[in-house]
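Down below is the structure, laid out as structure tokens.
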Amino acid sequence: MKMKKLSEYLFMGALGGTLYYMIEIIFRGYSHWSMFLLGGICFIFFAQQGLWTKWREPLWKQVLWCTAFVVSAEFITGIIVNKVMGWNVWDYTDQPFHLMGQICFPFAVLFSGLCTFGIIISGYLLWYLYREIKPGFHIL
């Protein structure tokens with residue numbers, strides 16, 4: 001792996017992890033180190049999916065598949081940290097349309113909004129800091 005690409009992954013992962021951890025602290029009052037890792041992995045995916053498609057896909061498609069990635073990653077992480085490890089980091093059993101208390105529809109909608117900002121921020125950061133292809137966001 002080239003050093004530039006490693007730098008991109010490490011920077012995007014650290015930034016995404018920090019941003020998500022801070023969002024949880026602000027709105028929930030606490031977080032867990034596993035949320036730093038999950039936020040970082042998701043932010044890397046936001047950037048990478050844009051590079052794979054050269055930022056040509058409509059923003060709504062990018063949001064859709066990034067939201068699917070985030071919700072899937074949250075479910076897998078939830079099974080590991082909440083069910084297997086028993087750390088009880090979160091529990092959505094009181095939310096409508098939940099699956100095993102690990103994911104739920106209201107938070108999937110909320111995550112789609114965070115994905116939108118993450119996609120845009122990651123695209124412009126890659127372009128500005130790493131001279132990757134400049135994102136050209138469009139709705140349709």
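Scheme for the structure tokens: letters A, B, ... for chains in order shown; per-chain residue numbers from 1; ligand numbers from 1 in order shown.
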
So which bits of stretch 9-140 of chain A end up helix (DSSP H, G or I) when you DSSP the backbone, as a ChimeraX atom specification? /A:9-28,33-52,59-84,105-130

For the contact check between stretch 68-124 of chain A and stretch 16-29 of chain A, emit one row per residue of stretch 68-124 of chain A within 10 Å, containing the shortest atom pair and the distance in Å rounded to one decimal, counting only C-alpha atoms, chain then rising number order, as a tab-separated table.
```
residue	atom	partner	partner_atom	distance
A:Leu114	CA	A:Tyr20	CA	9.2
A:Gly118	CA	A:Gly16	CA	8.1
A:Ser122	CA	A:Gly16	CA	8.9
```

At a cut-off of 12 Å, using only C-alpha atoms, what residues contact stretch 94-97 of chain A? Leave out same-chain residues fewer than 3 positions from it and give the result as a ChimeraX atom specification. /A:90-91,100-109

Take the residues from that selection and write them out as a tab-separated table (two decimals), in the first residue's frame, keeping N, CA and C atoms.
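Once written, result-v8.tsv looks like this:
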```
chain	number	residue	atom	x	y	z
A	90	TRP	N	-25.35	0.22	23.40
A	90	TRP	CA	-26.63	0.82	23.07
A	90	TRP	C	-27.70	-0.26	23.01
A	91	ASP	N	-28.95	0.19	23.03
A	91	ASP	CA	-30.09	-0.72	22.99
A	91	ASP	C	-31.27	0.03	22.39
A	100	MET	N	-33.49	-6.79	16.81
A	100	MET	CA	-32.72	-7.30	17.94
A	100	MET	C	-32.17	-6.18	18.82
A	101	GLY	N	-32.76	-5.00	18.76
A	101	GLY	CA	-32.30	-3.88	19.56
A	101	GLY	C	-31.00	-3.25	19.08
A	102	GLN	N	-30.49	-3.71	17.93
A	102	GLN	CA	-29.18	-3.24	17.45
A	102	GLN	C	-29.28	-2.16	16.39
A	103	ILE	N	-30.33	-2.18	15.60
A	103	ILE	CA	-30.60	-1.14	14.61
A	103	ILE	C	-32.09	-0.84	14.66
A	104	CYS	N	-32.45	0.35	14.18
A	104	CYS	CA	-33.87	0.71	14.13
A	104	CYS	C	-34.08	1.75	13.04
A	105	PHE	N	-35.31	1.86	12.60
A	105	PHE	CA	-35.63	2.77	11.51
A	105	PHE	C	-35.36	4.24	11.84
A	106	PRO	N	-35.78	4.76	13.01
A	106	PRO	CA	-35.52	6.19	13.28
A	106	PRO	C	-34.04	6.55	13.22
A	107	PHE	N	-33.18	5.67	13.73
A	107	PHE	CA	-31.76	5.99	13.69
A	107	PHE	C	-31.18	5.78	12.29
A	108	ALA	N	-31.75	4.89	11.50
A	108	ALA	CA	-31.31	4.74	10.11
A	108	ALA	C	-31.57	6.04	9.35
A	109	VAL	N	-32.72	6.67	9.62
A	109	VAL	CA	-33.03	7.96	8.99
A	109	VAL	C	-32.04	9.03	9.46
```

Need the shell around A:Gly50: protein/DNA/RNA residues with any atom at most 8 Å away, counting only C-alpha atoms. Skip same-chain ones fewer than 6 positions apart. Format as a PyMOL selection string? chain A and resi 56+62+119+123+135

Selection file, N, CA, C and O atoms, as a PDB file, in the first residue's frame:
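Saved result, selection_18.pdb, follows:
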```pdb
ATOM      1  N   ARG A  56     -19.222  10.482  -9.611  1.00  0.00           N
ATOM      2  CA  ARG A  56     -20.165  10.712 -10.712  1.00  0.00           C
ATOM      3  C   ARG A  56     -21.593  10.314 -10.377  1.00  0.00           C
ATOM      4  O   ARG A  56     -22.523  10.712 -11.075  1.00  0.00           O
ATOM      5  N   GLN A  62     -25.434   7.783  -3.456  1.00  0.00           N
ATOM      6  CA  GLN A  62     -24.327   7.678  -2.515  1.00  0.00           C
ATOM      7  C   GLN A  62     -24.848   7.620  -1.076  1.00  0.00           C
ATOM      8  O   GLN A  62     -24.375   6.814  -0.275  1.00  0.00           O
ATOM      9  N   ILE A 119     -20.280  12.287   3.388  1.00  0.00           N
ATOM     10  CA  ILE A 119     -19.897  12.119   1.982  1.00  0.00           C
ATOM     11  C   ILE A 119     -19.312  13.423   1.438  1.00  0.00           C
ATOM     12  O   ILE A 119     -18.241  13.437   0.816  1.00  0.00           O
ATOM     13  N   GLY A 123     -15.316  13.945   0.616  1.00  0.00           N
ATOM     14  CA  GLY A 123     -14.944  14.214  -0.770  1.00  0.00           C
ATOM     15  C   GLY A 123     -14.077  15.446  -0.919  1.00  0.00           C
ATOM     16  O   GLY A 123     -13.043  15.414  -1.598  1.00  0.00           O
ATOM     17  N   PRO A 135     -14.718  16.279  -6.097  1.00  0.00           N
ATOM     18  CA  PRO A 135     -16.097  15.781  -6.156  1.00  0.00           C
ATOM     19  C   PRO A 135     -17.000  16.781  -6.879  1.00  0.00           C
ATOM     20  O   PRO A 135     -16.821  17.990  -6.785  1.00  0.00           O
TER      21      PRO A 135
END
```
